[in-house]
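Visitor: This structure is in structure tokens; I'll ask about it shortly.
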Number of protein chains: 2
Amino acid sequence: MPDTGLRERKKQRTREAIVDAALRLFEERGFDQTTIADIAEAADIAPRTFFGYFPSKEDVVFADFPTHFEGLAARLRDRPGDETAIEAMRAWIAGLLEEMDYTDERERCRKRMIGESEALAAHDRNLMGRVEDLLAESIARDLDDRPGDVRPRMIASAVTGALAALDKTGIKQSESPPTHAEALAMVDEALTFLQGGIEALRRAG
Amino acid sequence: MPDTGLRERKKQRTREAIVDAALRLFEERGFDQTTIADIAEAADIAPRTFFGYFPSKEDVVFADFPTHFEGLAARLRDRPGDETAIEAMRAWIAGLLEEMDYTDERERCRKRMIGESEALAAHDRNLMGRVEDLLAESIARDLDDRPGDVRPRMIASAVTGALAALDKTGIKQSESPPTHAEALAMVDEALTFLQGGIEALRRAG
DNA sequence: GCGCAAACTTGCAACCTCTGCATTGTTGCG
DNA sequence: CGCAACAATGCAGAGGTTGCAAGTTTGCGC
């Protein structure tokens with residue numbers, strides 16, 4: 001349990017206030033039509049203060065990405081010697097799916113926004129890109145490839161591509177969000193694909 | 001042979017002047033340390049005019065992306081019924097490799113810049129993302145999947161991942177750029193991977 | 001050649017994101 | 001209590017980007 005002092009708790013509350021205010025405004029009038037000043041006012045802070053909490057407007061929408069990312073990094077770093085990077089990644093995704101509430105309106109709203117704002121979609125791609133880099137590095141180590149080789153990058157890219165697709169399912173108001181089982185099935189479909197591809201490379205190489 | 005009038009030629013020359021000036025400045029002092037005003041001055045135009053040619057500073061570095069992208073889109077649209085999206089993509093890449101001079105200093109310089117500026121790397125990822133979307137759509141059609149399915153997205157992502165890796169080889173001054181044969185070998189490695197993956201899905205599905 | 005409409009260039013004002021810096025509270029702790 | 005660390009703020013400013021309106025240039029038909 002990190003720092004439980006008043007200071008820390010207060011910061012945490014402010015952070016949440018910012019996220020709440022921002023998401024509400026984004027939903028009301030759209031991401032692009034909302035300024036930092038608007039958010040600051042709604043969250044009852046000074047505009048300048050916003051940047052002490054988030055490096056950019058986009059980052060509010062991905063408020064817990066850093067935590068998740070760090071989690072994946074740790075997981076990849078500390079995995080036992082017999083666990084492959086892909087297995088670690090699978091476990092990580094499963095963990096995320098586990099703790100996710102598929103009907104959480106907040107979450108669905110976030111995804112809808114990402115689909116509606118080019119700026120957010122771009123930021124999303126960039127974050128995925130960082131995941132991909134992280135993963136590619138671990139995969140390269142597994143495979144004894146050099147970091148610049150095609151193979152690890154391609155595999156990592158396929159994984160994040162699947163992840164992105166998973167992330168985009170059930171957003172439309174007409175569709176219902178996937179069940180936990182459906183989500184896992186998508187993950188496994190991706191794994192089947194990867195295994196097949198890797199096998200083929202092994203046979204050929 | 002579009003419009004051969006004076007007007008069009010002049011615009012073309014201005015456009016090239018902007019690219020030349022910008023790339024030179026980016027190389028000299030770095031992308032982030034160069035302002036639109038700097039570029040405008042060096043290209044002998046008004047700052048405001050810059051935006052009549054490129055929507056953002058980043059886009060200058062990817063000046064011919066729109067053309068290439070359009071080429072791929074056309075290729076995918078007009079391909080014969082028996083050609084898969086992946087084959088079309090392969091042909092497109094082969095075409096690009098064909099017309100590329102691997103020792104072209106301009107080209108290597110561009111790639112180096114992308115690696116050195118976070119803003120450019122981000123823009124690069126976004127453009128790749130657009131390619132991926134385009135490709136995913138065609139693949140989905142090939143496979144009779146719905147656009148939101150995992151499979152096409154994952155495959156498209158693997159392809160662009162390989163493309164990105166290919167794009168990043170031989171950038172460091174210590175390394176020499178890949179030969180045409182090496183580049184093609186990388187492409188084929190990617191195709192082997194994809195074939196294997198798709199096969200595995202077919203067996204499982 | 002003339003003259004007009006379309007297209008291009010430019011200057012200007014404005015808005016917005018984001019950063020550095022200096023100031024003024026607040027909090028934690030000995 | 002009083003100090004040192006930390007947080008919030010205000011201010012000023014740089015830089016990207018856009019809309020608008022005024023001035024130029026070009027293409028073209030007469």
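Every chain in the structure tokens takes a letter, A first, then B, and so on in the order presented; its residues are numbered from 1, and the ligands are numbered from 1 following the presented order.
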Within 12 Å of chain D, which residues of chain B come that close, and what is the closest atom pair and distance in Å for each? Count only C-alpha atoms (C1' of nucleotides) and give it as a Markdown table.

Guide:
| residue | atom | partner | partner_atom | distance |
| --- | --- | --- | --- | --- |
| B:Asp3 | CA | D:DG27 | C1' | 11.6 |
| B:Thr4 | CA | D:DG27 | C1' | 11.8 |
| B:Gly5 | CA | D:DG27 | C1' | 8.5 |
| B:Leu6 | CA | D:DT26 | C1' | 7.8 |
| B:Arg7 | CA | D:DT26 | C1' | 6.6 |
| B:Glu8 | CA | D:DT26 | C1' | 10.1 |
| B:Arg9 | CA | D:DT26 | C1' | 11.9 |
| B:Lys10 | CA | D:DT26 | C1' | 10.8 |
| B:Asp32 | CA | D:DG15 | C1' | 10.5 |
| B:Gln33 | CA | D:DG15 | C1' | 10.6 |
| B:Thr34 | CA | D:DG15 | C1' | 10.1 |
| B:Thr35 | CA | D:DG15 | C1' | 7.3 |
| B:Ile36 | CA | D:DG16 | C1' | 8.1 |
| B:Ala37 | CA | D:DG15 | C1' | 9.4 |
| B:Asp38 | CA | D:DG15 | C1' | 11.5 |
| B:Pro47 | CA | D:DT17 | C1' | 11.1 |
| B:Arg48 | CA | D:DT17 | C1' | 9.5 |
| B:Thr49 | CA | D:DT17 | C1' | 11.9 |
| B:Phe50 | CA | D:DT17 | C1' | 10.8 |
| B:Phe51 | CA | D:DT17 | C1' | 8.3 |
| B:Gly52 | CA | D:DT18 | C1' | 11.2 |
| B:Phe54 | CA | D:DT17 | C1' | 11.3 |
| B:Pro55 | CA | D:DT17 | C1' | 8.6 |
| B:Ser56 | CA | D:DG16 | C1' | 8.0 |
| B:Lys57 | CA | D:DG16 | C1' | 8.4 |
| B:Glu58 | CA | D:DG16 | C1' | 11.0 |

Visitor: Using only N, CA and C atoms, please write the residues we just selected to a file, as an mmCIF file, in the first residue's frame.

Guide:
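Below is the file out-v1.cif, written as the result:
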data_model
loop_
_atom_site.group_PDB
_atom_site.id
_atom_site.type_symbol
_atom_site.label_atom_id
_atom_site.label_comp_id
_atom_site.auth_asym_id
_atom_site.auth_seq_id
_atom_site.Cartn_x
_atom_site.Cartn_y
_atom_site.Cartn_z
ATOM 1 N N ASP B 3 -3.056 17.848 -65.272
ATOM 2 C CA ASP B 3 -2.899 19.285 -65.444
ATOM 3 C C ASP B 3 -1.450 19.742 -65.663
ATOM 4 N N THR B 4 -1.170 20.129 -66.875
ATOM 5 C CA THR B 4 0.218 20.490 -67.164
ATOM 6 C C THR B 4 0.420 21.992 -67.200
ATOM 7 N N GLY B 5 -0.604 22.725 -66.810
ATOM 8 C CA GLY B 5 -0.530 24.183 -66.838
ATOM 9 C C GLY B 5 0.562 24.748 -65.952
ATOM 10 N N LEU B 6 0.818 25.990 -66.158
ATOM 11 C CA LEU B 6 1.837 26.680 -65.374
ATOM 12 C C LEU B 6 1.509 26.596 -63.895
ATOM 13 N N ARG B 7 0.253 26.833 -63.637
ATOM 14 C CA ARG B 7 -0.202 26.842 -62.240
ATOM 15 C C ARG B 7 0.215 25.576 -61.502
ATOM 16 N N GLU B 8 -0.085 24.447 -62.147
ATOM 17 C CA GLU B 8 0.186 23.170 -61.494
ATOM 18 C C GLU B 8 1.680 22.934 -61.302
ATOM 19 N N ARG B 9 2.445 23.291 -62.312
ATOM 20 C CA ARG B 9 3.892 23.089 -62.218
ATOM 21 C C ARG B 9 4.468 23.933 -61.089
ATOM 22 N N LYS B 10 3.956 25.115 -60.999
ATOM 23 C CA LYS B 10 4.454 26.021 -59.971
ATOM 24 C C LYS B 10 4.156 25.466 -58.573
ATOM 25 N N ASP B 32 12.087 18.620 -33.824
ATOM 26 C CA ASP B 32 11.403 19.376 -32.781
ATOM 27 C C ASP B 32 11.928 20.802 -32.652
ATOM 28 N N GLN B 33 13.163 20.981 -33.030
ATOM 29 C CA GLN B 33 13.760 22.311 -32.900
ATOM 30 C C GLN B 33 13.537 23.178 -34.141
ATOM 31 N N THR B 34 12.746 22.684 -35.062
ATOM 32 C CA THR B 34 12.472 23.461 -36.267
ATOM 33 C C THR B 34 11.010 23.903 -36.263
ATOM 34 N N THR B 35 10.776 25.169 -36.483
ATOM 35 C CA THR B 35 9.390 25.652 -36.483
ATOM 36 C C THR B 35 8.878 25.828 -37.902
ATOM 37 N N ILE B 36 7.571 25.922 -37.998
ATOM 38 C CA ILE B 36 6.962 26.170 -39.294
ATOM 39 C C ILE B 36 7.517 27.467 -39.874
ATOM 40 N N ALA B 37 7.713 28.440 -39.013
ATOM 41 C CA ALA B 37 8.253 29.722 -39.471
ATOM 42 C C ALA B 37 9.622 29.524 -40.114
ATOM 43 N N ASP B 38 10.446 28.694 -39.497
ATOM 44 C CA ASP B 38 11.776 28.410 -40.054
ATOM 45 C C ASP B 38 11.638 27.835 -41.461
ATOM 46 N N PRO B 47 4.386 31.777 -43.812
ATOM 47 C CA PRO B 47 4.050 30.683 -42.885
ATOM 48 C C PRO B 47 2.647 30.154 -43.149
ATOM 49 N N ARG B 48 1.737 31.072 -43.380
ATOM 50 C CA ARG B 48 0.368 30.660 -43.611
ATOM 51 C C ARG B 48 0.246 29.730 -44.810
ATOM 52 N N THR B 49 1.080 29.944 -45.794
ATOM 53 C CA THR B 49 1.021 29.166 -47.029
ATOM 54 C C THR B 49 1.383 27.705 -46.807
ATOM 55 N N PHE B 50 2.260 27.489 -45.844
ATOM 56 C CA PHE B 50 2.676 26.118 -45.549
ATOM 57 C C PHE B 50 1.475 25.190 -45.430
ATOM 58 N N PHE B 51 0.451 25.692 -44.737
ATOM 59 C CA PHE B 51 -0.701 24.833 -44.463
ATOM 60 C C PHE B 51 -1.599 24.623 -45.679
ATOM 61 N N GLY B 52 -1.287 25.304 -46.744
ATOM 62 C CA GLY B 52 -1.995 25.025 -47.978
ATOM 63 C C GLY B 52 -1.410 23.793 -48.653
ATOM 64 N N PHE B 54 0.656 21.256 -46.668
ATOM 65 C CA PHE B 54 0.678 20.117 -45.746
ATOM 66 C C PHE B 54 -0.163 20.442 -44.523
ATOM 67 N N PRO B 55 -0.899 19.470 -44.063
ATOM 68 C CA PRO B 55 -1.758 19.729 -42.902
ATOM 69 C C PRO B 55 -0.999 19.838 -41.583
ATOM 70 N N SER B 56 0.219 19.341 -41.547
ATOM 71 C CA SER B 56 0.990 19.465 -40.317
ATOM 72 C C SER B 56 2.469 19.349 -40.615
ATOM 73 N N LYS B 57 3.259 19.734 -39.676
ATOM 74 C CA LYS B 57 4.710 19.687 -39.843
ATOM 75 C C LYS B 57 5.151 18.255 -40.100
ATOM 76 N N GLU B 58 4.557 17.337 -39.376
ATOM 77 C CA GLU B 58 4.934 15.934 -39.534
ATOM 78 C C GLU B 58 4.751 15.458 -40.969
#

Visitor: Please provide as a PDB file with C-alpha atoms, in the first residue's frame all residues within 9 Å of Ile18 (chain A), with the sequence filter that same-chain residues fewer than 5 positions apart are discarded (counting only C-alpha atoms (C1' of nucleotides)).

Guide:
ATOM      1  CA  ARG A  13      -9.120  12.447  -5.227  1.00  0.00           C
ATOM      2  CA  LEU A  23     -15.155  12.153 -19.329  1.00  0.00           C
ATOM      3  CA  ILE A  39     -12.033  20.458 -17.718  1.00  0.00           C
ATOM      4  CA  ALA A  40     -10.183  22.510 -15.153  1.00  0.00           C
ATOM      5  CA  ALA A  42     -15.425  21.437 -14.054  1.00  0.00           C
ATOM      6  CA  ALA A  43     -12.870  19.724 -11.840  1.00  0.00           C
ATOM      7  CA  ASP A  44     -12.357  22.870  -9.815  1.00  0.00           C
ATOM      8  CA  ILE A  45      -8.652  23.265 -10.373  1.00  0.00           C
ATOM      9  CA  PHE A  50      -4.109  19.858 -15.034  1.00  0.00           C
ATOM     10  CA  TYR A  53      -1.680  15.199 -13.385  1.00  0.00           C
ATOM     11  CA  VAL A  60      -7.125  11.467 -19.335  1.00  0.00           C
TER      12      VAL A  60
END

Visitor: Could you list, as a PyMOL selection string, the residues of chain B having an atom within 9 Å of chain A when counting only C-alpha atoms?

Guide: chain B and resi 121-123+125-126+129+148-166+168-169+186-187+189-190+192-201+204-205

Visitor: Return as a list in words the residues belonging to chain C that are within 9 Å of chain A, counting only C-alpha atoms (C1' of nucleotides).

Guide: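 Residues of chain C within 9 Å of chain A, counting only C-alpha atoms (C1' of nucleotides): DC16, DT17, DC18, DT26, DT27 and DG28 of chain C.
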
Visitor: Grab the CA of Arg130 (chain B) to CA of Glu175 (chain A) distance for me, in Å with one decimal place.

Guide: 24.5 Å

Visitor: Going by DSSP on the backbone, which bits of chain A are helix (DSSP H, G or I)? Write them as an mmCIF file with C-alpha atoms, in the first residue's frame, please.

Guide:
data_model
loop_
_atom_site.group_PDB
_atom_site.id
_atom_site.type_symbol
_atom_site.label_atom_id
_atom_site.label_comp_id
_atom_site.auth_asym_id
_atom_site.auth_seq_id
_atom_site.Cartn_x
_atom_site.Cartn_y
_atom_site.Cartn_z
ATOM 1 C CA LEU A 6 -3.432 12.918 3.578
ATOM 2 C CA ARG A 7 -1.370 14.406 0.795
ATOM 3 C CA GLU A 8 -1.498 11.293 -1.302
ATOM 4 C CA ARG A 9 -5.171 10.698 -0.744
ATOM 5 C CA LYS A 10 -5.940 14.239 -1.725
ATOM 6 C CA LYS A 11 -3.950 13.925 -4.920
ATOM 7 C CA GLN A 12 -5.786 10.779 -5.744
ATOM 8 C CA ARG A 13 -9.120 12.447 -5.227
ATOM 9 C CA THR A 14 -8.122 15.342 -7.438
ATOM 10 C CA ARG A 15 -7.019 12.967 -10.118
ATOM 11 C CA GLU A 16 -10.329 11.237 -10.043
ATOM 12 C CA ALA A 17 -12.158 14.521 -10.091
ATOM 13 C CA ILE A 18 -10.293 15.416 -13.256
ATOM 14 C CA VAL A 19 -11.114 12.127 -14.924
ATOM 15 C CA ASP A 20 -14.755 12.323 -13.929
ATOM 16 C CA ALA A 21 -15.164 15.873 -15.082
ATOM 17 C CA ALA A 22 -13.301 15.287 -18.307
ATOM 18 C CA LEU A 23 -15.155 12.153 -19.329
ATOM 19 C CA ARG A 24 -18.458 13.775 -18.578
ATOM 20 C CA LEU A 25 -17.610 16.755 -20.720
ATOM 21 C CA PHE A 26 -16.191 14.610 -23.511
ATOM 22 C CA GLU A 27 -19.390 12.686 -23.603
ATOM 23 C CA GLU A 28 -21.560 15.785 -23.537
ATOM 24 C CA ARG A 29 -19.882 17.845 -26.194
ATOM 25 C CA ILE A 36 -8.374 22.002 -20.914
ATOM 26 C CA ALA A 37 -9.892 25.145 -19.471
ATOM 27 C CA ASP A 38 -13.325 23.508 -19.516
ATOM 28 C CA ILE A 39 -12.033 20.458 -17.718
ATOM 29 C CA ALA A 40 -10.183 22.510 -15.153
ATOM 30 C CA GLU A 41 -13.246 24.522 -14.385
ATOM 31 C CA ALA A 42 -15.425 21.437 -14.054
ATOM 32 C CA ALA A 43 -12.870 19.724 -11.840
ATOM 33 C CA PRO A 47 -5.763 24.993 -15.823
ATOM 34 C CA ARG A 48 -2.083 24.907 -15.065
ATOM 35 C CA THR A 49 -2.667 22.229 -12.465
ATOM 36 C CA PHE A 50 -4.109 19.858 -15.034
ATOM 37 C CA PHE A 51 -0.659 19.275 -16.435
ATOM 38 C CA GLY A 52 0.628 18.187 -13.082
ATOM 39 C CA TYR A 53 -1.680 15.199 -13.385
ATOM 40 C CA LYS A 57 -5.751 15.954 -22.790
ATOM 41 C CA GLU A 58 -5.725 12.575 -24.488
ATOM 42 C CA ASP A 59 -4.098 10.884 -21.540
ATOM 43 C CA VAL A 60 -7.125 11.467 -19.335
ATOM 44 C CA VAL A 61 -9.074 9.009 -21.416
ATOM 45 C CA PHE A 65 -2.851 2.797 -19.086
ATOM 46 C CA PRO A 66 0.407 3.544 -17.260
ATOM 47 C CA THR A 67 -0.557 1.161 -14.479
ATOM 48 C CA HIS A 68 -1.539 -1.600 -16.847
ATOM 49 C CA PHE A 69 1.530 -1.049 -18.953
ATOM 50 C CA GLU A 70 3.768 -1.229 -15.932
ATOM 51 C CA GLY A 71 1.993 -4.404 -14.940
ATOM 52 C CA LEU A 72 2.723 -6.020 -18.274
ATOM 53 C CA ALA A 73 6.327 -4.877 -18.164
ATOM 54 C CA ALA A 74 6.776 -6.376 -14.708
ATOM 55 C CA ARG A 75 5.072 -9.549 -15.756
ATOM 56 C CA LEU A 76 7.381 -9.916 -18.751
ATOM 57 C CA ARG A 77 10.432 -9.072 -16.715
ATOM 58 C CA ASP A 78 9.766 -11.441 -13.836
ATOM 59 C CA ALA A 85 6.496 -13.900 -23.647
ATOM 60 C CA ILE A 86 3.300 -14.822 -25.423
ATOM 61 C CA GLU A 87 2.108 -16.898 -22.526
ATOM 62 C CA ALA A 88 2.863 -14.024 -20.193
ATOM 63 C CA MET A 89 0.921 -11.721 -22.426
ATOM 64 C CA ARG A 90 -1.992 -14.103 -22.493
ATOM 65 C CA ALA A 91 -2.040 -14.256 -18.717
ATOM 66 C CA TRP A 92 -1.932 -10.494 -18.575
ATOM 67 C CA ILE A 93 -4.867 -10.138 -20.955
ATOM 68 C CA ALA A 94 -6.796 -12.779 -19.056
ATOM 69 C CA GLY A 95 -6.150 -10.805 -15.893
ATOM 70 C CA LEU A 96 -7.452 -7.642 -17.449
ATOM 71 C CA LEU A 97 -10.543 -9.384 -18.742
ATOM 72 C CA GLU A 98 -11.057 -10.866 -15.307
ATOM 73 C CA GLU A 99 -11.196 -7.588 -13.523
ATOM 74 C CA GLU A 105 -20.935 2.121 -18.859
ATOM 75 C CA ARG A 106 -17.797 4.128 -18.195
ATOM 76 C CA GLU A 107 -15.706 1.668 -20.105
ATOM 77 C CA ARG A 108 -18.038 1.409 -23.073
ATOM 78 C CA CYS A 109 -18.239 5.158 -23.186
ATOM 79 C CA ARG A 110 -14.469 5.450 -23.334
ATOM 80 C CA LYS A 111 -14.313 3.098 -26.259
ATOM 81 C CA ARG A 112 -17.028 4.891 -28.101
ATOM 82 C CA MET A 113 -15.144 8.135 -27.703
ATOM 83 C CA ILE A 114 -11.962 6.648 -29.058
ATOM 84 C CA GLY A 115 -13.823 5.640 -32.141
ATOM 85 C CA GLU A 116 -15.271 9.076 -32.581
ATOM 86 C CA GLU A 118 -9.313 11.040 -34.545
ATOM 87 C CA ALA A 119 -7.033 12.450 -31.876
ATOM 88 C CA LEU A 120 -8.008 9.750 -29.416
ATOM 89 C CA ALA A 121 -7.709 7.006 -31.987
ATOM 90 C CA ALA A 122 -4.223 8.236 -32.766
ATOM 91 C CA HIS A 123 -3.259 8.242 -29.131
ATOM 92 C CA ASP A 124 -4.662 4.776 -28.729
ATOM 93 C CA ARG A 125 -2.543 3.521 -31.591
ATOM 94 C CA ASN A 126 0.516 5.041 -30.028
ATOM 95 C CA LEU A 127 -0.074 3.397 -26.694
ATOM 96 C CA MET A 128 -0.618 0.099 -28.461
ATOM 97 C CA GLY A 129 2.627 0.776 -30.219
ATOM 98 C CA ARG A 130 4.389 1.002 -26.917
ATOM 99 C CA VAL A 131 2.912 -2.302 -25.841
ATOM 100 C CA GLU A 132 4.048 -3.750 -29.109
ATOM 101 C CA ASP A 133 7.604 -2.537 -28.616
ATOM 102 C CA LEU A 134 7.709 -3.979 -25.151
ATOM 103 C CA LEU A 135 6.393 -7.288 -26.326
ATOM 104 C CA ALA A 136 8.604 -7.434 -29.380
ATOM 105 C CA GLU A 137 11.633 -7.079 -27.210
ATOM 106 C CA SER A 138 10.649 -9.972 -24.987
ATOM 107 C CA ILE A 139 9.734 -12.146 -27.916
ATOM 108 C CA ALA A 140 13.045 -11.418 -29.560
ATOM 109 C CA ARG A 141 14.771 -12.581 -26.413
ATOM 110 C CA ASP A 142 12.697 -15.779 -26.399
ATOM 111 C CA LEU A 143 13.585 -16.493 -29.976
ATOM 112 C CA VAL A 150 11.181 -9.087 -38.572
ATOM 113 C CA ARG A 151 9.917 -12.102 -36.745
ATOM 114 C CA PRO A 152 9.479 -10.750 -33.224
ATOM 115 C CA ARG A 153 8.070 -7.495 -34.456
ATOM 116 C CA MET A 154 5.576 -9.222 -36.678
ATOM 117 C CA ILE A 155 4.423 -11.538 -33.932
ATOM 118 C CA ALA A 156 4.115 -8.712 -31.453
ATOM 119 C CA SER A 157 2.180 -6.739 -33.988
ATOM 120 C CA ALA A 158 -0.240 -9.575 -34.566
ATOM 121 C CA VAL A 159 -0.826 -9.797 -30.830
ATOM 122 C CA THR A 160 -1.549 -6.120 -30.391
ATOM 123 C CA GLY A 161 -3.674 -6.200 -33.503
ATOM 124 C CA ALA A 162 -5.797 -8.897 -31.949
ATOM 125 C CA LEU A 163 -5.916 -6.931 -28.745
ATOM 126 C CA ALA A 164 -7.069 -3.864 -30.607
ATOM 127 C CA ALA A 165 -9.784 -5.850 -32.336
ATOM 128 C CA LEU A 166 -10.898 -7.269 -29.035
ATOM 129 C CA ASP A 167 -10.999 -3.763 -27.686
ATOM 130 C CA HIS A 180 -16.149 -13.152 -20.783
ATOM 131 C CA ALA A 181 -16.191 -16.446 -22.618
ATOM 132 C CA GLU A 182 -16.418 -14.741 -25.990
ATOM 133 C CA ALA A 183 -13.511 -12.488 -25.155
ATOM 134 C CA LEU A 184 -11.391 -15.442 -24.136
ATOM 135 C CA ALA A 185 -12.341 -17.196 -27.335
ATOM 136 C CA MET A 186 -11.035 -14.267 -29.302
ATOM 137 C CA VAL A 187 -7.776 -14.393 -27.429
ATOM 138 C CA ASP A 188 -7.444 -18.072 -28.118
ATOM 139 C CA GLU A 189 -8.192 -17.573 -31.771
ATOM 140 C CA ALA A 190 -5.291 -15.166 -31.845
ATOM 141 C CA LEU A 191 -3.050 -17.651 -30.100
ATOM 142 C CA THR A 192 -3.931 -20.381 -32.549
ATOM 143 C CA PHE A 193 -2.982 -18.084 -35.363
ATOM 144 C CA LEU A 194 0.307 -17.192 -33.761
ATOM 145 C CA GLN A 195 1.216 -20.760 -32.981
ATOM 146 C CA GLY A 196 0.526 -21.747 -36.548
ATOM 147 C CA GLY A 197 2.627 -18.916 -37.873
ATOM 148 C CA ILE A 198 5.519 -19.589 -35.578
ATOM 149 C CA GLU A 199 5.396 -23.278 -36.426
ATOM 150 C CA ALA A 200 5.504 -22.461 -40.120
ATOM 151 C CA LEU A 201 8.546 -20.282 -39.620
ATOM 152 C CA ARG A 202 10.255 -23.016 -37.675
ATOM 153 C CA ARG A 203 9.615 -25.526 -40.448
ATOM 154 C CA ALA A 204 10.842 -23.106 -43.097
#
